[in-house]
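**Student:** Structure provided below as C-alpha cells; questions to follow.
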There are 2 protein chains.
Amino acid sequence: MVDNDDRLSRVFGALADPTRRDMVARLATGDATVGELAAPYDVSLQAVSKHLKVLEEAGLVRRSRDAQRRPVHLDAEVFDLMTKWIEKYRQRAEERYQRLDQVLARMQGKDLATANDDDQQRGAAG
Amino acid sequence: MVDNDDRLSRVFGALADPTRRDMVARLATGDATVGELAAPYDVSLQAVSKHLKVLEEAGLVRRSRDAQRRPVHLDAEVFDLMTKWIEKYRQRAEERYQRLDQVLARMQGKDLATANDDDQQRGAAG
DNA sequence: GTCGTTGTCAACCATGTGGTTGAGTAAACG
DNA sequence: CGTTTACTCAACCACATGGTTGACAACGAC
C-alpha cells in the first residue's frame with residue numbers, strides 16, 4: 001500500500017502532462033529514440049529528456065542503449081495499477097448510486113405523500 | 001480532443017496526490033462534509049478545501065449546500081475518460097508485445113541455429 | 001585523434017502546488 | 001441582535017515542475 005501509493009502518485013503525475021501523454025501514445029505504436037520523440041514538439045531536446053525521466057521514474061517507460069541512441073520502450077504494466085485503483089472506487093460509487101436509486105424508487109412506490117418530511121437529505125450526508 | 005486533453009490533465013493531476021486519492025476513496029463509501037473529510041489528516045481545513053477545489057475542477061466531485069455545510073459527492077463519471085485513455089494505449093502496447101512474442105516464437109521454432117546472428121537484440125532494445 | 005551525432009547533466013528562471021495564517025461569509029443557535 | 005459552526009477567499013511561503021541555455025559524455029565516422 002505504502003509503496004504502491006508512491007507509485008500511483010508518480011504514474012498519475014506523469015500522465016497529468018499532455019506532452020507526456022502524447023509521448024506515451026506515440027510509444028504505444030513502437031519504440032522511439034529521444035530525437036524522434038522530440039520532433040513533433042518545438043521544445044528543446046533537454047526538455048523531452050526530462051519528460052522521459054519522469055515517465056521512467058513512474059515505471060511507464062524503459063530506456064536502453066544503442067550506440068549514441070537511447071531507444072525508449074513503453075512499459076504498460078503500471079497501467080494495471082491505475083486501472084485497478086480506478087475500478088475499485090468507480091464500482092463502489094456506482095453501487096452506492098444504484099442503492100440510492102433503489103431507495104428512492106422504493107420511497108416513491110411506498111409513501112409518496114409522507115416522503116417529503118425531513119428525511120431524504122440524511123441519506124446523502126451519511 | 002482539445003477539451004478532453006485538458007480534462008484528462010486535470011483528472012490525472014488531481015489523482016496524483018495521495019491525500020486527494022484518499023479523499024476519493026472515502027467519498028466512494030458515501031458523501032461527506034468538508035470537516036468530515038478533513039478529520040483524518042492533520043492539515044488545516046483550508047488545505048482540505050483547496051484539495052476539494054482541485055477535485056471539483058477535475059470533475060471528480062460535486063459540492064452542494066446544506067445550511068452551513070457543503071456536502072461533497074463523488075462523481076465517478078470522469079473515471080471513464082481515464083479508463084478509456086489507459087485501455088487504448090495499453091491494448092496497443094500489448095498487441096505490439098504479442099506480435100513481437102509471435103515473431104520471436106516463430107524464429108525460435110524455424111531456425112534456432114541461425115537465430116543468434118544479429119537479430120534478436122531488437123527484442124531487448126525495444 | 002578529431003568531428004558530428006545523440007543525448008544527459010547542471011544551473012538558472014518563471015510559474016504552479018501544497019501548506020500556512022488571518023479575515024470574511026453564510027446560516028443555525030441563543 | 002451577537003455567537004458559534006462550517007466553510008471559503010486572500011496573501012504569503014517553501015518547494016516542485018517545465019522550460020531554457022551551456023557544458024560535456026558516449027559513440028560512429030572520417
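By order in the C-alpha cells, chains are A, B, ...; within a chain, residues start at 1; ligands start at 1, following the order shown.
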Give me the residues near DA11 in chain C as a list in words, where near means some atom within 12 Å (using only C-alpha atoms (C1' of nucleotides)) and where sequence neighbours in that chain fewer than 4 positions away do not count.
**Tutor:**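 My list of contacting residues is DT20, DT21, DG22 and DA23 of chain D.
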**Student:** Got a sec: who's within 8 Å of Arg70 in chain B, counting only C-alpha atoms (C1' of nucleotides), leaving out chain neighbours fewer than 5 positions off, as an NGL selection string?
**Tutor:** (:B and (33-34 or 63-65)) or (:D and (7))
**Student:** Write the residues of the selection above to a file with all heavy atoms, as a PDB file, in the first residue's frame.
**Tutor:**
```pdb
ATOM      1  N   THR B  33     -19.028  15.863   4.525  1.00  0.00           N
ATOM      2  CA  THR B  33     -18.804  17.301   4.598  1.00  0.00           C
ATOM      3  C   THR B  33     -17.305  17.567   4.584  1.00  0.00           C
ATOM      4  O   THR B  33     -16.493  16.650   4.748  1.00  0.00           O
ATOM      5  CB  THR B  33     -19.388  17.881   5.889  1.00  0.00           C
ATOM      6  OG1 THR B  33     -18.649  17.348   6.997  1.00  0.00           O
ATOM      7  CG2 THR B  33     -20.847  17.501   6.036  1.00  0.00           C
ATOM      8  N   VAL B  34     -16.937  18.820   4.398  1.00  0.00           N
ATOM      9  CA  VAL B  34     -15.526  19.189   4.358  1.00  0.00           C
ATOM     10  C   VAL B  34     -14.850  18.824   5.683  1.00  0.00           C
ATOM     11  O   VAL B  34     -13.758  18.256   5.705  1.00  0.00           O
ATOM     12  CB  VAL B  34     -15.367  20.695   4.076  1.00  0.00           C
ATOM     13  CG1 VAL B  34     -13.899  21.075   4.032  1.00  0.00           C
ATOM     14  CG2 VAL B  34     -16.058  21.065   2.775  1.00  0.00           C
ATOM     15  N   ARG B  63     -19.982  19.755  -5.202  1.00  0.00           N
ATOM     16  CA  ARG B  63     -20.281  20.274  -3.880  1.00  0.00           C
ATOM     17  C   ARG B  63     -21.642  20.953  -3.901  1.00  0.00           C
ATOM     18  O   ARG B  63     -21.913  21.767  -4.768  1.00  0.00           O
ATOM     19  CB  ARG B  63     -19.201  21.268  -3.442  1.00  0.00           C
ATOM     20  CG  ARG B  63     -17.915  20.570  -3.065  1.00  0.00           C
ATOM     21  CD  ARG B  63     -16.928  21.520  -2.441  1.00  0.00           C
ATOM     22  NE  ARG B  63     -16.205  22.272  -3.452  1.00  0.00           N
ATOM     23  CZ  ARG B  63     -15.228  23.135  -3.154  1.00  0.00           C
ATOM     24  NH1 ARG B  63     -14.876  23.343  -1.899  1.00  0.00           N
ATOM     25  NH2 ARG B  63     -14.602  23.776  -4.112  1.00  0.00           N
ATOM     26  N   SER B  64     -22.463  20.610  -2.947  1.00  0.00           N
ATOM     27  CA  SER B  64     -23.774  21.256  -2.872  1.00  0.00           C
ATOM     28  C   SER B  64     -23.843  22.056  -1.582  1.00  0.00           C
ATOM     29  O   SER B  64     -22.819  22.434  -1.022  1.00  0.00           O
ATOM     30  CB  SER B  64     -24.877  20.204  -2.936  1.00  0.00           C
ATOM     31  OG  SER B  64     -24.577  19.125  -2.068  1.00  0.00           O
ATOM     32  N   ARG B  65     -25.028  22.317  -1.110  1.00  0.00           N
ATOM     33  CA  ARG B  65     -25.185  23.211   0.024  1.00  0.00           C
ATOM     34  C   ARG B  65     -26.249  22.642   0.944  1.00  0.00           C
ATOM     35  O   ARG B  65     -27.322  22.240   0.508  1.00  0.00           O
ATOM     36  CB  ARG B  65     -25.636  24.570  -0.510  1.00  0.00           C
ATOM     37  CG  ARG B  65     -25.693  25.629   0.530  1.00  0.00           C
ATOM     38  CD  ARG B  65     -24.599  26.645   0.257  1.00  0.00           C
ATOM     39  NE  ARG B  65     -24.148  27.207   1.508  1.00  0.00           N
ATOM     40  CZ  ARG B  65     -23.521  28.375   1.609  1.00  0.00           C
ATOM     41  NH1 ARG B  65     -23.252  29.065   0.538  1.00  0.00           N
ATOM     42  NH2 ARG B  65     -23.124  28.810   2.775  1.00  0.00           N
TER      43      ARG B  65
ATOM     44  P    DC D   7     -18.072  21.718   6.704  1.00  0.00           P
ATOM     45  OP1  DC D   7     -18.849  20.869   5.794  1.00  0.00           O
ATOM     46  OP2  DC D   7     -17.155  21.113   7.678  1.00  0.00           O
ATOM     47  O5'  DC D   7     -17.273  22.792   5.855  1.00  0.00           O
ATOM     48  C5'  DC D   7     -18.027  23.544   4.925  1.00  0.00           C
ATOM     49  C4'  DC D   7     -17.464  24.908   4.714  1.00  0.00           C
ATOM     50  O4'  DC D   7     -17.088  25.610   5.913  1.00  0.00           O
ATOM     51  C3'  DC D   7     -16.186  24.979   3.898  1.00  0.00           C
ATOM     52  O3'  DC D   7     -16.524  24.916   2.520  1.00  0.00           O
ATOM     53  C2'  DC D   7     -15.630  26.357   4.276  1.00  0.00           C
ATOM     54  C1'  DC D   7     -16.504  26.796   5.447  1.00  0.00           C
ATOM     55  N1   DC D   7     -15.715  27.482   6.502  1.00  0.00           N
ATOM     56  C2   DC D   7     -15.584  28.867   6.439  1.00  0.00           C
ATOM     57  O2   DC D   7     -16.142  29.481   5.520  1.00  0.00           O
ATOM     58  N3   DC D   7     -14.841  29.506   7.386  1.00  0.00           N
ATOM     59  C4   DC D   7     -14.264  28.798   8.358  1.00  0.00           C
ATOM     60  N4   DC D   7     -13.547  29.488   9.266  1.00  0.00           N
ATOM     61  C5   DC D   7     -14.389  27.394   8.450  1.00  0.00           C
ATOM     62  C6   DC D   7     -15.110  26.761   7.502  1.00  0.00           C
TER      63       DC D   7
END
```
**Student:** Compare A:Ala67, A:Val11, A:Leu55, A:Met23 by their minimum atom-to-atom distance to chain C, counting only C-alpha atoms (C1' of nucleotides), and give me the closest one.
**Tutor:**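 Going through A:Ala67, A:Val11, A:Leu55, A:Met23 one by one, the smallest distance to chain C is for A:Ala67.
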**Student:** Nearest to chain A among D:DG18, D:DC30, D:DC24, D:DA10, with distances taken over only C-alpha atoms (C1' of nucleotides): which residue is it?
**Tutor:**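 Nearest candidate to chain A out of D:DG18, D:DC30, D:DC24, D:DA10: D:DG18.
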**Student:** Find the residues near DT5 in chain C: any atom within 12 Å, counting only C-alpha atoms (C1' of nucleotides), skip ones fewer than 2 places away on the same chain, and give them as a PyMOL selection string.
**Tutor:** (chain A and resi 35+67-69) or (chain C and resi 3+7) or (chain D and resi 26-29)
**Student:** Okay, now the selection with C-alpha atoms (C1' of nucleotides), as a CSV table (one decimal), in the first residue's frame?
**Tutor:**
```
chain,number,residue,atom,x,y,z
A,35,GLY,CA,15.1,12.7,-31.0
A,67,ALA,CA,25.3,3.3,-29.7
A,68,GLN,CA,24.6,7.1,-29.1
A,69,ARG,CA,20.9,6.4,-29.2
C,3,DC,C1',34.4,15.8,-35.8
C,7,DG,C1',21.6,12.6,-25.7
D,26,DA,C1',29.4,8.3,-25.5
D,27,DC,C1',29.7,6.6,-29.7
D,28,DG,C1',30.2,6.1,-35.1
D,29,DA,C1',32.5,8.1,-39.0
```
**Student:** I need the contact residues of chain C against chain A, so if you could list those with any atom within 12 Å, counting only C-alpha atoms (C1' of nucleotides), and return them as a list in words, that would help.
**Tutor:**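 Selected residues: DG4, DT5, DT6, DG7, DT8, DC9 and DA10 of chain C.
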**Student:** Give me a file of those residues, with all heavy atoms, as a CSV table (one decimal), in the first residue's frame.
**Tutor:**
```csv
chain,number,residue,atom,x,y,z
C,4,DG,P,32.3,19.1,-37.4
C,4,DG,OP1,32.1,19.9,-38.6
C,4,DG,OP2,32.4,19.7,-36.0
C,4,DG,O5',31.1,18.0,-37.3
C,4,DG,C5',30.9,17.1,-38.4
C,4,DG,C4',29.9,16.1,-38.0
C,4,DG,O4',30.4,15.2,-36.9
C,4,DG,C3',28.5,16.7,-37.5
C,4,DG,O3',27.5,15.9,-38.1
C,4,DG,C2',28.6,16.5,-36.0
C,4,DG,C1',29.5,15.3,-35.8
C,4,DG,N9,30.3,15.2,-34.6
C,4,DG,C8,31.0,16.2,-34.1
C,4,DG,N7,31.6,15.9,-33.0
C,4,DG,C5,31.2,14.5,-32.8
C,4,DG,C6,31.6,13.6,-31.8
C,4,DG,O6,32.3,13.8,-30.8
C,4,DG,N1,30.9,12.4,-31.9
C,4,DG,C2,30.1,12.1,-33.0
C,4,DG,N2,29.6,10.8,-33.0
C,4,DG,N3,29.8,12.9,-33.9
C,4,DG,C4,30.4,14.1,-33.8
C,5,DT,P,26.0,16.3,-37.8
C,5,DT,OP1,25.2,16.3,-39.1
C,5,DT,OP2,26.0,17.6,-37.0
C,5,DT,O5',25.5,15.2,-36.8
C,5,DT,C5',25.7,13.8,-37.2
C,5,DT,C4',25.3,12.9,-36.1
C,5,DT,O4',26.2,12.9,-35.0
C,5,DT,C3',23.9,13.2,-35.5
C,5,DT,O3',23.1,12.1,-35.5
C,5,DT,C2',24.3,13.7,-34.1
C,5,DT,C1',25.6,13.0,-33.8
C,5,DT,N1,26.5,13.6,-32.8
C,5,DT,C2,26.9,12.8,-31.7
C,5,DT,O2,26.6,11.7,-31.6
C,5,DT,N3,27.8,13.5,-30.9
C,5,DT,C4,28.2,14.8,-31.0
C,5,DT,O4,29.0,15.3,-30.2
C,5,DT,C5,27.7,15.5,-32.1
C,5,DT,C7,28.1,17.0,-32.3
C,5,DT,C6,26.9,14.9,-32.9
C,6,DT,P,21.6,12.1,-35.0
C,6,DT,OP1,20.9,11.0,-35.6
C,6,DT,OP2,21.1,13.5,-35.2
C,6,DT,O5',21.7,11.8,-33.4
C,6,DT,C5',22.1,10.5,-33.0
C,6,DT,C4',22.1,10.5,-31.5
C,6,DT,O4',23.2,11.2,-31.0
C,6,DT,C3',20.8,11.1,-30.9
C,6,DT,O3',20.2,10.1,-30.1
C,6,DT,C2',21.3,12.3,-30.1
C,6,DT,C1',22.7,11.9,-29.9
C,6,DT,N1,23.7,13.0,-29.6
C,6,DT,C2,24.6,12.9,-28.6
C,6,DT,O2,24.7,11.9,-27.9
C,6,DT,N3,25.4,14.0,-28.4
C,6,DT,C4,25.4,15.2,-29.2
C,6,DT,O4,26.1,16.1,-28.9
C,6,DT,C5,24.4,15.2,-30.2
C,6,DT,C7,24.3,16.5,-31.0
C,6,DT,C6,23.6,14.2,-30.4
C,7,DG,P,18.7,10.3,-29.5
C,7,DG,OP1,18.1,9.0,-29.3
C,7,DG,OP2,18.0,11.4,-30.3
C,7,DG,O5',19.0,10.9,-28.0
C,7,DG,C5',19.7,10.0,-27.2
C,7,DG,C4',20.4,10.7,-26.1
C,7,DG,O4',21.3,11.8,-26.7
C,7,DG,C3',19.6,11.5,-25.1
C,7,DG,O3',19.5,10.7,-23.9
C,7,DG,C2',20.3,12.8,-24.8
C,7,DG,C1',21.6,12.6,-25.7
C,7,DG,N9,22.1,13.9,-26.2
C,7,DG,C8,21.6,14.6,-27.2
C,7,DG,N7,22.3,15.8,-27.4
C,7,DG,C5,23.3,15.7,-26.4
C,7,DG,C6,24.3,16.7,-26.1
C,7,DG,O6,24.5,17.7,-26.7
C,7,DG,N1,25.1,16.3,-25.0
C,7,DG,C2,24.9,15.1,-24.3
C,7,DG,N2,25.7,14.9,-23.3
C,7,DG,N3,23.9,14.2,-24.6
C,7,DG,C4,23.2,14.6,-25.6
C,8,DT,P,18.6,11.1,-22.7
C,8,DT,OP1,18.0,9.9,-22.2
C,8,DT,OP2,17.8,12.3,-23.1
C,8,DT,O5',19.7,11.6,-21.7
C,8,DT,C5',20.8,10.8,-21.4
C,8,DT,C4',21.8,11.5,-20.5
C,8,DT,O4',22.4,12.6,-21.2
C,8,DT,C3',21.2,12.1,-19.2
C,8,DT,O3',22.0,11.7,-18.1
C,8,DT,C2',21.3,13.6,-19.5
C,8,DT,C1',22.4,13.7,-20.4
C,8,DT,N1,22.3,14.9,-21.3
C,8,DT,C2,23.3,15.9,-21.3
C,8,DT,O2,24.2,15.9,-20.5
C,8,DT,N3,23.1,17.0,-22.1
C,8,DT,C4,22.1,17.1,-23.1
C,8,DT,O4,22.0,18.1,-23.8
C,8,DT,C5,21.1,16.0,-23.1
C,8,DT,C7,20.0,16.1,-24.0
C,8,DT,C6,21.3,15.0,-22.2
C,9,DC,P,21.5,12.0,-16.6
C,9,DC,OP1,22.0,10.9,-15.8
C,9,DC,OP2,20.1,12.4,-16.7
C,9,DC,O5',22.4,13.3,-16.2
C,9,DC,C5',23.8,13.3,-16.5
C,9,DC,C4',24.4,14.7,-16.0
C,9,DC,O4',24.3,15.6,-17.0
C,9,DC,C3',23.7,15.3,-14.8
C,9,DC,O3',24.7,15.8,-13.9
C,9,DC,C2',22.8,16.3,-15.4
C,9,DC,C1',23.7,16.8,-16.5
C,9,DC,N1,22.9,17.4,-17.7
C,9,DC,C2,23.3,18.6,-18.3
C,9,DC,O2,24.4,19.1,-17.9
C,9,DC,N3,22.6,19.1,-19.3
C,9,DC,C4,21.5,18.5,-19.7
C,9,DC,N4,20.8,19.1,-20.7
C,9,DC,C5,21.0,17.4,-19.1
C,9,DC,C6,21.7,16.8,-18.0
C,10,DA,P,24.4,16.4,-12.5
C,10,DA,OP1,25.4,15.8,-11.6
C,10,DA,OP2,23.0,16.1,-12.2
C,10,DA,O5',24.6,17.9,-12.6
C,10,DA,C5',25.6,18.5,-13.5
C,10,DA,C4',25.6,20.0,-13.5
C,10,DA,O4',24.9,20.5,-14.6
C,10,DA,C3',24.9,20.6,-12.3
C,10,DA,O3',25.6,21.8,-11.9
C,10,DA,C2',23.5,20.9,-12.8
C,10,DA,C1',23.8,21.3,-14.2
C,10,DA,N9,22.7,21.1,-15.2
C,10,DA,C8,21.8,20.0,-15.2
C,10,DA,N7,20.9,20.1,-16.1
C,10,DA,C5,21.3,21.2,-16.8
C,10,DA,C6,20.7,21.9,-18.0
C,10,DA,N6,19.7,21.4,-18.6
C,10,DA,N1,21.3,23.0,-18.4
C,10,DA,C2,22.3,23.5,-17.7
C,10,DA,N3,22.9,23.0,-16.6
C,10,DA,C4,22.4,21.9,-16.2
```
**Student:** Pick out the residues sitting within 9 Å of range 16-18 of chain C, and hand them over as a VMD selection string; count only C-alpha atoms (C1' of nucleotides), and ignore anything fewer than 6 positions along from it in its own chain.
**Tutor:** (chain B and resid 47 50 to 51) or (chain D and resid 15 to 17)
**Student:** Quick one: write out the picked residues with C-alpha atoms (C1' of nucleotides) as a PDB file, in the first residue's frame?
**Tutor:**
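Wrote it out as again.pdb, contents follow:
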```pdb
ATOM      1  CA  ALA B  47      -5.887  22.886   2.814  1.00  0.00           C
ATOM      2  CA  LYS B  50      -8.178  23.508  -1.655  1.00  0.00           C
ATOM      3  CA  HIS B  51      -7.897  19.797  -2.392  1.00  0.00           C
TER       4      HIS B  51
ATOM      5  C1'  DC D  15       9.453  23.646  -2.779  1.00  0.00           C
ATOM      6  C1'  DA D  16       8.339  21.136  -7.193  1.00  0.00           C
ATOM      7  C1'  DT D  17       7.893  21.480 -12.181  1.00  0.00           C
TER       8       DT D  17
END
```
**Student:** Neighbours of Trp85 in chain B within 12 Å (only C-alpha atoms (C1' of nucleotides); same-chain residues fewer than 2 positions away dropped), as a short mmCIF file (atom, residue, chain, number, x, y, z; two decimals) with N, CA and C atoms, in the first residue's frame?
**Tutor:**
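Final file, selection_15.cif:
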```cif
data_model
loop_
_atom_site.label_atom_id
_atom_site.label_comp_id
_atom_site.auth_asym_id
_atom_site.auth_seq_id
_atom_site.Cartn_x
_atom_site.Cartn_y
_atom_site.Cartn_z
N LEU A 15 1.20 11.23 -16.09
CA LEU A 15 0.19 11.32 -17.15
C LEU A 15 -0.65 12.60 -17.06
N ARG A 21 1.57 12.45 -22.11
CA ARG A 21 0.55 11.51 -22.60
C ARG A 21 0.74 11.30 -24.09
N ASP A 22 1.05 12.37 -24.78
CA ASP A 22 1.29 12.29 -26.21
C ASP A 22 2.46 11.35 -26.50
N VAL A 24 3.48 8.89 -24.65
CA VAL A 24 3.02 7.52 -24.38
C VAL A 24 2.24 7.01 -25.58
N ALA A 25 1.38 7.86 -26.12
CA ALA A 25 0.58 7.49 -27.29
C ALA A 25 1.50 7.12 -28.45
N ALA A 28 3.21 3.84 -27.89
CA ALA A 28 2.33 2.67 -27.97
C ALA A 28 2.39 2.06 -29.37
N PHE A 79 0.04 0.44 -15.91
CA PHE A 79 -1.34 0.81 -16.23
C PHE A 79 -2.31 0.00 -15.37
N MET A 82 -3.13 1.57 -12.04
CA MET A 82 -4.11 2.65 -12.14
C MET A 82 -5.51 2.09 -12.37
N THR A 83 -5.60 1.22 -13.35
CA THR A 83 -6.92 0.67 -13.69
C THR A 83 -7.57 0.03 -12.47
N MET B 1 -11.23 16.37 -28.44
CA MET B 1 -9.81 16.05 -28.16
C MET B 1 -9.15 17.14 -27.32
N ASN B 4 -10.98 17.44 -24.02
CA ASN B 4 -10.71 16.22 -23.27
C ASN B 4 -9.28 16.18 -22.76
N ASP B 5 -8.40 16.74 -23.55
CA ASP B 5 -6.99 16.76 -23.18
C ASP B 5 -6.82 17.51 -21.86
N ARG B 7 -9.17 18.11 -19.71
CA ARG B 7 -9.91 17.36 -18.69
C ARG B 7 -9.05 16.23 -18.15
N LEU B 8 -8.44 15.48 -19.06
CA LEU B 8 -7.57 14.37 -18.64
C LEU B 8 -6.43 14.88 -17.77
N SER B 9 -5.83 15.99 -18.16
CA SER B 9 -4.74 16.54 -17.37
C SER B 9 -5.20 16.86 -15.96
N VAL B 11 -7.79 15.57 -14.31
CA VAL B 11 -8.15 14.36 -13.55
C VAL B 11 -6.89 13.64 -13.10
N PHE B 12 -5.98 13.40 -14.02
CA PHE B 12 -4.73 12.73 -13.65
C PHE B 12 -4.00 13.55 -12.59
N VAL B 78 -16.06 10.86 -14.74
CA VAL B 78 -14.79 11.16 -15.41
C VAL B 78 -13.83 9.98 -15.39
N PHE B 79 -14.06 9.06 -14.47
CA PHE B 79 -13.22 7.86 -14.43
C PHE B 79 -13.19 7.18 -15.79
N ASP B 80 -14.36 7.21 -16.46
CA ASP B 80 -14.44 6.58 -17.78
C ASP B 80 -13.42 7.15 -18.74
N LEU B 81 -13.28 8.47 -18.68
CA LEU B 81 -12.35 9.16 -19.57
C LEU B 81 -10.93 8.59 -19.39
N MET B 82 -10.53 8.47 -18.15
CA MET B 82 -9.21 7.91 -17.85
C MET B 82 -9.10 6.47 -18.32
N THR B 83 -10.09 5.69 -17.90
CA THR B 83 -10.05 4.26 -18.24
C THR B 83 -9.93 4.06 -19.74
N GLU B 87 -6.84 2.24 -21.43
CA GLU B 87 -7.08 0.98 -22.15
C GLU B 87 -6.61 1.07 -23.59
N LYS B 88 -6.84 2.23 -24.18
CA LYS B 88 -6.45 2.43 -25.58
C LYS B 88 -4.97 2.12 -25.78
N TYR B 89 -4.14 2.72 -24.95
CA TYR B 89 -2.71 2.58 -25.18
C TYR B 89 -2.14 1.31 -24.57
N ARG B 90 -2.81 0.83 -23.55
CA ARG B 90 -2.36 -0.45 -23.00
C ARG B 90 -2.56 -1.53 -24.05
N GLN B 91 -3.75 -1.51 -24.63
CA GLN B 91 -4.04 -2.50 -25.65
C GLN B 91 -3.04 -2.44 -26.79
N ARG B 92 -2.79 -1.24 -27.28
CA ARG B 92 -1.83 -1.10 -28.38
C ARG B 92 -0.47 -1.66 -28.00
#
```
**Student:** Can you check which residues of chain D have any atom within 8 Å of chain B? Use only C-alpha atoms (C1' of nucleotides) and format it as a PDB file with all heavy atoms, in the first residue's frame.
**Tutor:**
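Result saved to iface11.pdb:
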```pdb
ATOM      1  P    DT D   5     -19.125  26.116  18.362  1.00  0.00           P
ATOM      2  OP1  DT D   5     -19.388  24.864  19.104  1.00  0.00           O
ATOM      3  OP2  DT D   5     -17.784  26.720  18.338  1.00  0.00           O
ATOM      4  O5'  DT D   5     -19.614  25.907  16.866  1.00  0.00           O
ATOM      5  C5'  DT D   5     -20.965  25.546  16.626  1.00  0.00           C
ATOM      6  C4'  DT D   5     -21.159  25.282  15.150  1.00  0.00           C
ATOM      7  O4'  DT D   5     -21.190  26.538  14.426  1.00  0.00           O
ATOM      8  C3'  DT D   5     -20.056  24.441  14.501  1.00  0.00           C
ATOM      9  O3'  DT D   5     -20.682  23.501  13.650  1.00  0.00           O
ATOM     10  C2'  DT D   5     -19.238  25.466  13.729  1.00  0.00           C
ATOM     11  C1'  DT D   5     -20.314  26.474  13.334  1.00  0.00           C
ATOM     12  N1   DT D   5     -19.873  27.868  13.084  1.00  0.00           N
ATOM     13  C2   DT D   5     -20.431  28.561  12.034  1.00  0.00           C
ATOM     14  O2   DT D   5     -21.265  28.072  11.301  1.00  0.00           O
ATOM     15  N3   DT D   5     -19.974  29.844  11.883  1.00  0.00           N
ATOM     16  C4   DT D   5     -19.039  30.495  12.657  1.00  0.00           C
ATOM     17  O4   DT D   5     -18.722  31.647  12.420  1.00  0.00           O
ATOM     18  C5   DT D   5     -18.492  29.720  13.740  1.00  0.00           C
ATOM     19  C7   DT D   5     -17.459  30.325  14.645  1.00  0.00           C
ATOM     20  C6   DT D   5     -18.929  28.448  13.902  1.00  0.00           C
ATOM     21  P    DA D   6     -19.831  22.352  12.903  1.00  0.00           P
ATOM     22  OP1  DA D   6     -20.725  21.186  12.739  1.00  0.00           O
ATOM     23  OP2  DA D   6     -18.505  22.206  13.547  1.00  0.00           O
ATOM     24  O5'  DA D   6     -19.621  23.014  11.484  1.00  0.00           O
ATOM     25  C5'  DA D   6     -20.717  23.101  10.587  1.00  0.00           C
ATOM     26  C4'  DA D   6     -20.214  23.714   9.316  1.00  0.00           C
ATOM     27  O4'  DA D   6     -19.867  25.098   9.569  1.00  0.00           O
ATOM     28  C3'  DA D   6     -18.936  23.055   8.769  1.00  0.00           C
ATOM     29  O3'  DA D   6     -19.139  22.735   7.411  1.00  0.00           O
ATOM     30  C2'  DA D   6     -17.869  24.123   8.952  1.00  0.00           C
ATOM     31  C1'  DA D   6     -18.709  25.384   8.845  1.00  0.00           C
ATOM     32  N9   DA D   6     -18.093  26.576   9.424  1.00  0.00           N
ATOM     33  C8   DA D   6     -17.324  26.676  10.556  1.00  0.00           C
ATOM     34  N7   DA D   6     -16.908  27.890  10.815  1.00  0.00           N
ATOM     35  C5   DA D   6     -17.436  28.653   9.784  1.00  0.00           C
ATOM     36  C6   DA D   6     -17.358  30.026   9.471  1.00  0.00           C
ATOM     37  N6   DA D   6     -16.687  30.911  10.196  1.00  0.00           N
ATOM     38  N1   DA D   6     -18.014  30.448   8.363  1.00  0.00           N
ATOM     39  C2   DA D   6     -18.678  29.564   7.630  1.00  0.00           C
ATOM     40  N3   DA D   6     -18.823  28.246   7.813  1.00  0.00           N
ATOM     41  C4   DA D   6     -18.176  27.860   8.921  1.00  0.00           C
ATOM     42  P    DC D   7     -18.072  21.718   6.704  1.00  0.00           P
ATOM     43  OP1  DC D   7     -18.849  20.869   5.794  1.00  0.00           O
ATOM     44  OP2  DC D   7     -17.155  21.113   7.678  1.00  0.00           O
ATOM     45  O5'  DC D   7     -17.273  22.792   5.855  1.00  0.00           O
ATOM     46  C5'  DC D   7     -18.027  23.544   4.925  1.00  0.00           C
ATOM     47  C4'  DC D   7     -17.464  24.908   4.714  1.00  0.00           C
ATOM     48  O4'  DC D   7     -17.088  25.610   5.913  1.00  0.00           O
ATOM     49  C3'  DC D   7     -16.186  24.979   3.898  1.00  0.00           C
ATOM     50  O3'  DC D   7     -16.524  24.916   2.520  1.00  0.00           O
ATOM     51  C2'  DC D   7     -15.630  26.357   4.276  1.00  0.00           C
ATOM     52  C1'  DC D   7     -16.504  26.796   5.447  1.00  0.00           C
ATOM     53  N1   DC D   7     -15.715  27.482   6.502  1.00  0.00           N
ATOM     54  C2   DC D   7     -15.584  28.867   6.439  1.00  0.00           C
ATOM     55  O2   DC D   7     -16.142  29.481   5.520  1.00  0.00           O
ATOM     56  N3   DC D   7     -14.841  29.506   7.386  1.00  0.00           N
ATOM     57  C4   DC D   7     -14.264  28.798   8.358  1.00  0.00           C
ATOM     58  N4   DC D   7     -13.547  29.488   9.266  1.00  0.00           N
ATOM     59  C5   DC D   7     -14.389  27.394   8.450  1.00  0.00           C
ATOM     60  C6   DC D   7     -15.110  26.761   7.502  1.00  0.00           C
ATOM     61  P    DT D   8     -15.396  24.973   1.410  1.00  0.00           P
ATOM     62  OP1  DT D   8     -15.990  24.315   0.229  1.00  0.00           O
ATOM     63  OP2  DT D   8     -14.147  24.486   2.004  1.00  0.00           O
ATOM     64  O5'  DT D   8     -15.200  26.532   1.079  1.00  0.00           O
ATOM     65  C5'  DT D   8     -16.326  27.334   0.730  1.00  0.00           C
ATOM     66  C4'  DT D   8     -15.867  28.777   0.519  1.00  0.00           C
ATOM     67  O4'  DT D   8     -15.395  29.320   1.775  1.00  0.00           O
ATOM     68  C3'  DT D   8     -14.719  28.933  -0.483  1.00  0.00           C
ATOM     69  O3'  DT D   8     -15.013  30.040  -1.324  1.00  0.00           O
ATOM     70  C2'  DT D   8     -13.510  29.216   0.401  1.00  0.00           C
ATOM     71  C1'  DT D   8     -14.142  29.939   1.579  1.00  0.00           C
ATOM     72  N1   DT D   8     -13.387  29.824   2.866  1.00  0.00           N
ATOM     73  C2   DT D   8     -12.986  30.972   3.508  1.00  0.00           C
ATOM     74  O2   DT D   8     -13.210  32.080   3.081  1.00  0.00           O
ATOM     75  N3   DT D   8     -12.318  30.748   4.684  1.00  0.00           N
ATOM     76  C4   DT D   8     -12.015  29.543   5.267  1.00  0.00           C
ATOM     77  O4   DT D   8     -11.409  29.472   6.335  1.00  0.00           O
ATOM     78  C5   DT D   8     -12.462  28.377   4.536  1.00  0.00           C
ATOM     79  C7   DT D   8     -12.190  27.010   5.068  1.00  0.00           C
ATOM     80  C6   DT D   8     -13.119  28.573   3.380  1.00  0.00           C
TER      81       DT D   8
END
```
**Student:** What is the CA of Leu52 in chain A-CA of Val103 in chain B distance in Å, reported with one decimal?
**Tutor:**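 Computing it gives 28.0 Å between the two atoms.
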